[in-house]
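Structure record follows, encoded as structure tokens.
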Amino acid sequence: MLDLVQLTFLSLVVGLSVTMLANLGTTIYLHRSLAHKSLTLKTPLAFLCRLGLWLSTGIRPRQWVAVHRKHHVFTDQEGDPHSPVLLGWKKVQFMNVALYRRTAKDASTVARYAKDIPRTKIDRLLFDHALLGLALGLGSLIAIFGLRLGLFSAFVHLNLYLAGSAAVNALAHNFGRRPYANRAGNLQLLALLTAGEGLHNNHHESPTSARLSHRWYEIDFGWWVIRILSFVRLAKIRISRTSAV
């Protein structure tokens, strides 16, 4: 039986590990590959990313892509689903899930901004059922680590993933370095926690680049993984260069 200190430590380790995998799936598969087409993934790897995100986040890819593309079309203007300039960064940080769901559930938005991602048979059978995916993900953690450690790890993951995703929309559009002339900011600490997503000023400068780090001192874990995947031919990089790289 684990004591409280051991349970807390192991829950943090397992929860953080699950979150990092979910963040890598989010930035590589959902963001850089699906939303911006900056790279393509081999079909088996893309399916694994989709499965992993379904189990760990319940996200429906076409909804995520639609919300993100709409954000780029209306960045910090009326129509942006989650602009801290319009709503305040505190509201976006603490209500990011509600803001996301409001736009993601709009069928016209999904049809307009994610028309290249059709709803498939496996979506209807599995991936459109978010609660089922989350329940199976939680069940997997409990089966592997036991009831207490599994539940505590899931709690850690839930909070880390939601807080990190919200921070990209809230903090990284209100604070940070701005080497380029857009309102987003580069927050390296946030980038470490979100596999590169915190380098948001860079991203808004070159949204179709698979590489979010533009300078030698910027760390983008997502790009490191993409390079490895490219080397073993599981990914094909379409665009990686920017004027500052």
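How things are named: the first chain in the structure tokens is A, the next is B, and so on; residues count from 1 in each chain; ligands count from 1 in the order shown.
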
Show me, as a CSV table (one decimal) with N, CA and C atoms, in the first residue's frame, the residues that have an atom within 10 Å of A:Gly196 when counting only C-alpha atoms, minus same-chain residues fewer than 3 positions from it.
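Contents of selection36.csv, as written:
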chain,number,residue,atom,x,y,z
A,23,ASN,N,0.0,16.3,-25.1
A,23,ASN,CA,0.4,17.5,-25.7
A,23,ASN,C,1.2,17.3,-27.0
A,24,LEU,N,2.0,16.2,-27.0
A,24,LEU,CA,2.7,15.9,-28.3
A,24,LEU,C,1.6,15.6,-29.4
A,27,THR,N,-0.1,18.9,-30.4
A,27,THR,CA,0.7,19.9,-31.3
A,27,THR,C,1.1,19.3,-32.6
A,28,ILE,N,1.5,18.0,-32.6
A,28,ILE,CA,2.0,17.4,-33.8
A,28,ILE,C,0.8,17.0,-34.8
A,186,ASN,N,5.8,34.9,-27.0
A,186,ASN,CA,6.6,33.7,-26.8
A,186,ASN,C,6.8,33.5,-25.3
A,187,LEU,N,6.4,32.4,-24.7
A,187,LEU,CA,6.6,32.0,-23.3
A,187,LEU,C,7.3,30.7,-23.3
A,188,GLN,N,8.7,30.7,-23.1
A,188,GLN,CA,9.4,29.5,-23.1
A,188,GLN,C,9.0,28.4,-22.1
A,189,LEU,N,8.7,28.9,-20.9
A,189,LEU,CA,8.3,27.9,-19.8
A,189,LEU,C,7.0,27.2,-20.3
A,190,LEU,N,6.1,28.0,-20.8
A,190,LEU,CA,4.8,27.4,-21.3
A,190,LEU,C,5.1,26.4,-22.5
A,191,ALA,N,6.1,26.8,-23.3
A,191,ALA,CA,6.5,25.9,-24.4
A,191,ALA,C,7.0,24.6,-23.9
A,192,LEU,N,7.8,24.6,-22.8
A,192,LEU,CA,8.3,23.4,-22.3
A,192,LEU,C,7.2,22.5,-21.8
A,193,LEU,N,6.1,23.1,-21.3
A,193,LEU,CA,5.0,22.3,-20.7
A,193,LEU,C,4.0,21.8,-21.8
A,199,LEU,N,5.5,29.0,-27.8
A,199,LEU,CA,6.2,29.9,-28.7
A,199,LEU,C,5.2,30.4,-29.7
A,200,HIS,N,4.2,31.1,-29.2
A,200,HIS,CA,3.0,31.5,-29.9
A,200,HIS,C,3.2,32.7,-30.9
A,203,HIS,N,4.5,31.2,-33.9
A,203,HIS,CA,3.5,30.5,-34.6
A,203,HIS,C,2.6,31.4,-35.5
A,211,ARG,N,7.9,23.9,-37.6
A,211,ARG,CA,8.9,24.3,-36.5
A,211,ARG,C,8.4,25.6,-35.8
A,212,LEU,N,8.2,25.5,-34.5
A,212,LEU,CA,7.8,26.7,-33.7
A,212,LEU,C,9.0,27.4,-33.1
A,213,SER,N,10.1,26.8,-33.0
A,213,SER,CA,11.3,27.5,-32.5
A,213,SER,C,12.0,28.2,-33.7
A,218,GLU,N,15.5,28.8,-28.4
A,218,GLU,CA,14.1,28.4,-28.1
A,218,GLU,C,14.0,26.9,-28.2
A,219,ILE,N,13.3,26.3,-27.3
A,219,ILE,CA,13.1,24.8,-27.2
A,219,ILE,C,11.7,24.4,-27.6
A,220,ASP,N,11.6,23.6,-28.6
A,220,ASP,CA,10.4,23.1,-29.1
A,220,ASP,C,10.4,21.6,-29.2
A,221,PHE,N,9.9,20.9,-28.1
A,221,PHE,CA,10.0,19.4,-28.0
A,221,PHE,C,9.2,18.8,-29.2
A,222,GLY,N,8.1,19.4,-29.6
A,222,GLY,CA,7.3,18.9,-30.7
A,222,GLY,C,8.1,18.8,-32.0
A,223,TRP,N,9.0,19.8,-32.2
A,223,TRP,CA,9.8,19.8,-33.4
A,223,TRP,C,10.9,18.7,-33.3
A,224,TRP,N,11.4,18.5,-32.1
A,224,TRP,CA,12.4,17.4,-32.0
A,224,TRP,C,11.8,16.1,-32.3

Please report, as CSV, each residue of stretch 6-41 of chain A lying at most 7 Å from stretch 56-74 of chain A, together with the nearest pair of atoms and the separation in Å rounded to one decimal; use only C-alpha atoms, and order rows by chain and ascending residue number.
residue,atom,partner,partner_atom,distance
A:Ala22,CA,A:Ser56,CA,6.6
A:Leu30,CA,A:Pro61,CA,6.4
A:Leu34,CA,A:Val65,CA,6.9
A:Ala35,CA,A:Val65,CA,5.0

Residues as selected, C-alpha atoms, written as a JSON list (two decimals), in the first residue's frame, can you do that?
[["chain", "number", "residue", "atom", "x", "y", "z"],
["A", 22, "ALA", "CA", -1.35, 14.23, -25.02],
["A", 30, "LEU", "CA", -4.04, 18.18, -34.39],
["A", 34, "LEU", "CA", -4.28, 18.57, -39.45],
["A", 35, "ALA", "CA", -4.93, 22.26, -38.86]]

Contact residues around A:Asp123 with only C-alpha atoms at 12 Å, ignoring same-chain residues under 2 positions, as a PyMOL selection string:
chain A and resi 47+50-51+54+58-62+117-121+125-130+133

Calculate how many Å separate atom CA of A:Leu162 from atom CA of A:Glu205, rounding to one decimal.
24.8 Å

Exercise: A:Leu234 partners within 12 Å, only C-alpha atoms, chain neighbours under 4 positions left out, as a ChimeraX atom specification:
/A:39-46,48,225-230

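When the distance limit is 8 Å and only C-alpha atoms are what count, the residues near A:Thr103, minus those fewer than 4 positions from it on the same chain, are Val67, Pro81, Leu99 and Thr109 of chain A.
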
Generate a file of the selected residues that holds N, CA and C atoms, formatted as a short mmCIF file (atom, residue, chain, number, x, y, z; two decimals), in the first residue's frame.
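So out06.cif came out as:
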data_model
loop_
_atom_site.label_atom_id
_atom_site.label_comp_id
_atom_site.auth_asym_id
_atom_site.auth_seq_id
_atom_site.Cartn_x
_atom_site.Cartn_y
_atom_site.Cartn_z
N VAL A 67 -12.10 25.08 -34.70
CA VAL A 67 -11.94 26.16 -33.71
C VAL A 67 -10.62 26.87 -33.92
N PRO A 81 -12.72 32.75 -31.26
CA PRO A 81 -13.40 31.95 -30.21
C PRO A 81 -12.87 32.17 -28.81
N LEU A 99 -15.55 28.11 -23.70
CA LEU A 99 -15.39 28.87 -24.93
C LEU A 99 -15.14 27.94 -26.11
N THR A 109 -19.77 26.16 -38.13
CA THR A 109 -18.34 26.47 -37.99
C THR A 109 -17.49 25.28 -38.39
#

Out of stretch 4-245 of chain A, which residues get helix (DSSP H, G or I) from DSSP, as a PyMOL selection string?
chain A and resi 4-35+43-56+61-73+84-87+89-104+107-113+121-127+130-145+147-173+188-193+200-205+221-231

Take the residues from that selection and put them in a file with C-alpha atoms, as a compact mmCIF listing (two decimals), in the first residue's frame.
# COMPACT_ATOMS: atom_id res chain seq x y z
CA LEU A 4 0.42 9.63 0.82
CA VAL A 5 3.86 10.92 -0.19
CA GLN A 6 4.50 8.00 -2.52
CA LEU A 7 0.99 8.26 -3.98
CA THR A 8 1.40 11.99 -4.60
CA PHE A 9 4.82 11.61 -6.22
CA LEU A 10 3.80 8.72 -8.47
CA SER A 11 0.56 10.45 -9.43
CA LEU A 12 2.53 13.51 -10.51
CA VAL A 13 4.93 11.37 -12.55
CA VAL A 14 2.22 9.34 -14.26
CA GLY A 15 -0.11 12.31 -14.75
CA LEU A 16 2.65 14.48 -16.19
CA SER A 17 3.73 11.67 -18.53
CA VAL A 18 0.19 11.24 -19.86
CA THR A 19 -0.11 14.99 -20.29
CA MET A 20 3.14 15.24 -22.24
CA LEU A 21 2.00 12.48 -24.58
CA ALA A 22 -1.35 14.23 -25.02
CA ASN A 23 0.42 17.54 -25.67
CA LEU A 24 2.66 15.92 -28.29
CA GLY A 25 -0.42 14.45 -29.97
CA THR A 26 -2.14 17.82 -29.85
CA THR A 27 0.72 19.87 -31.27
CA ILE A 28 1.99 17.37 -33.85
CA TYR A 29 -1.21 15.70 -35.02
CA LEU A 30 -4.04 18.18 -34.39
CA HIS A 31 -2.18 21.45 -34.74
CA ARG A 32 0.76 21.16 -37.10
CA SER A 33 -0.49 18.27 -39.24
CA LEU A 34 -4.28 18.57 -39.45
CA ALA A 35 -4.93 22.26 -38.86
CA THR A 43 -1.67 6.47 -41.52
CA PRO A 44 -0.88 4.05 -38.64
CA LEU A 45 0.81 6.83 -36.64
CA ALA A 46 -2.03 9.26 -37.33
CA PHE A 47 -4.49 6.63 -36.08
CA LEU A 48 -2.45 6.07 -32.91
CA CYS A 49 -2.40 9.83 -32.27
CA ARG A 50 -6.15 9.98 -32.77
CA LEU A 51 -6.72 7.01 -30.48
CA GLY A 52 -4.42 8.39 -27.80
CA LEU A 53 -6.12 11.79 -27.86
CA TRP A 54 -9.55 10.16 -27.69
CA LEU A 55 -8.53 8.20 -24.60
CA SER A 56 -6.72 11.08 -22.89
CA PRO A 61 -10.17 16.34 -34.40
CA ARG A 62 -12.45 18.11 -36.88
CA GLN A 63 -13.89 20.25 -34.08
CA TRP A 64 -10.45 21.16 -32.73
CA VAL A 65 -9.23 22.05 -36.23
CA ALA A 66 -12.31 24.17 -36.94
CA VAL A 67 -11.94 26.16 -33.71
CA HIS A 68 -8.24 26.73 -34.28
CA ARG A 69 -8.61 27.77 -37.91
CA LYS A 70 -11.36 30.21 -36.96
CA HIS A 71 -9.01 31.63 -34.33
CA HIS A 72 -6.42 32.34 -37.02
CA VAL A 73 -8.97 33.97 -39.32
CA PRO A 84 -7.98 37.50 -24.24
CA VAL A 85 -7.87 40.91 -25.94
CA LEU A 86 -11.65 40.84 -26.26
CA LEU A 87 -12.53 38.81 -23.17
CA TRP A 89 -6.92 36.72 -20.17
CA LYS A 90 -8.38 35.59 -16.85
CA LYS A 91 -11.72 34.72 -18.41
CA VAL A 92 -10.03 32.80 -21.24
CA GLN A 93 -7.76 30.96 -18.79
CA PHE A 94 -10.57 29.81 -16.51
CA MET A 95 -13.35 29.41 -19.09
CA ASN A 96 -11.33 28.03 -22.00
CA VAL A 97 -13.23 24.73 -22.08
CA ALA A 98 -16.61 26.49 -22.21
CA LEU A 99 -15.39 28.87 -24.93
CA TYR A 100 -14.01 25.96 -26.93
CA ARG A 101 -17.16 23.89 -26.63
CA ARG A 102 -19.39 26.77 -27.67
CA THR A 103 -17.59 27.07 -31.00
CA ALA A 104 -16.87 23.35 -31.45
CA ALA A 107 -22.09 22.68 -36.90
CA SER A 108 -21.78 25.56 -39.36
CA THR A 109 -18.34 26.47 -37.99
CA VAL A 110 -17.11 22.88 -38.27
CA ALA A 111 -18.54 22.55 -41.79
CA ARG A 112 -16.84 25.77 -42.91
CA TYR A 113 -13.42 25.45 -41.28
CA LYS A 121 -17.55 5.47 -39.92
CA ILE A 122 -15.10 4.99 -37.06
CA ASP A 123 -15.96 8.49 -35.86
CA ARG A 124 -19.62 7.52 -35.64
CA LEU A 125 -18.80 4.24 -33.91
CA LEU A 126 -16.08 5.43 -31.51
CA PHE A 127 -14.28 8.74 -31.77
CA ALA A 130 -15.91 11.63 -26.04
CA LEU A 131 -17.14 10.32 -22.69
CA LEU A 132 -16.60 6.74 -23.82
CA GLY A 133 -13.01 7.53 -24.75
CA LEU A 134 -12.35 9.27 -21.44
CA ALA A 135 -13.94 6.41 -19.50
CA LEU A 136 -11.77 3.87 -21.33
CA GLY A 137 -8.70 6.03 -20.72
CA LEU A 138 -9.46 6.27 -17.01
CA GLY A 139 -10.17 2.57 -16.88
CA SER A 140 -6.82 1.85 -18.50
CA LEU A 141 -4.97 3.90 -15.89
CA ILE A 142 -6.82 2.09 -13.08
CA ALA A 143 -6.15 -1.31 -14.66
CA ILE A 144 -2.42 -0.56 -14.98
CA PHE A 145 -1.75 1.36 -11.77
CA LEU A 147 -7.59 2.40 -8.27
CA ARG A 148 -6.01 5.14 -6.16
CA LEU A 149 -2.96 5.81 -8.32
CA GLY A 150 -5.03 5.63 -11.47
CA LEU A 151 -7.61 8.13 -10.18
CA PHE A 152 -5.02 10.53 -8.80
CA SER A 153 -2.98 10.37 -12.02
CA ALA A 154 -6.06 11.10 -14.10
CA PHE A 155 -6.81 14.08 -11.86
CA VAL A 156 -3.27 15.44 -12.35
CA HIS A 157 -3.45 14.92 -16.11
CA LEU A 158 -6.85 16.57 -16.41
CA ASN A 159 -5.72 19.71 -14.64
CA LEU A 160 -2.33 19.97 -16.34
CA TYR A 161 -3.71 19.45 -19.85
CA LEU A 162 -6.63 21.85 -19.47
CA ALA A 163 -4.51 24.49 -17.75
CA GLY A 164 -1.78 24.26 -20.40
CA SER A 165 -4.20 24.43 -23.31
CA ALA A 166 -5.95 27.42 -21.75
CA ALA A 167 -2.65 29.16 -21.09
CA VAL A 168 -1.69 28.99 -24.77
CA ASN A 169 -4.90 30.85 -25.62
CA ALA A 170 -4.85 33.20 -22.63
CA LEU A 171 -1.32 33.87 -21.39
CA ALA A 172 0.41 33.50 -24.75
CA HIS A 173 -1.89 36.13 -26.26
CA GLN A 188 9.43 29.46 -23.15
CA LEU A 189 8.31 27.93 -19.85
CA LEU A 190 4.85 27.37 -21.29
CA ALA A 191 6.46 25.92 -24.42
CA LEU A 192 8.29 23.36 -22.27
CA LEU A 193 5.00 22.31 -20.70
CA HIS A 200 3.02 31.49 -29.92
CA ASN A 201 4.36 34.70 -31.39
CA ASN A 202 6.52 32.59 -33.68
CA HIS A 203 3.52 30.48 -34.64
CA HIS A 204 1.35 33.43 -35.59
CA GLU A 205 4.21 34.78 -37.69
CA PHE A 221 9.99 19.44 -28.03
CA GLY A 222 7.34 18.90 -30.67
CA TRP A 223 9.81 19.81 -33.42
CA TRP A 224 12.40 17.41 -31.97
CA VAL A 225 9.89 14.57 -32.15
CA ILE A 226 8.87 15.57 -35.67
CA ARG A 227 12.51 15.40 -36.77
CA ILE A 228 12.80 11.88 -35.34
CA LEU A 229 9.55 10.81 -37.01
CA SER A 230 10.81 12.25 -40.29
CA PHE A 231 14.10 10.41 -39.94
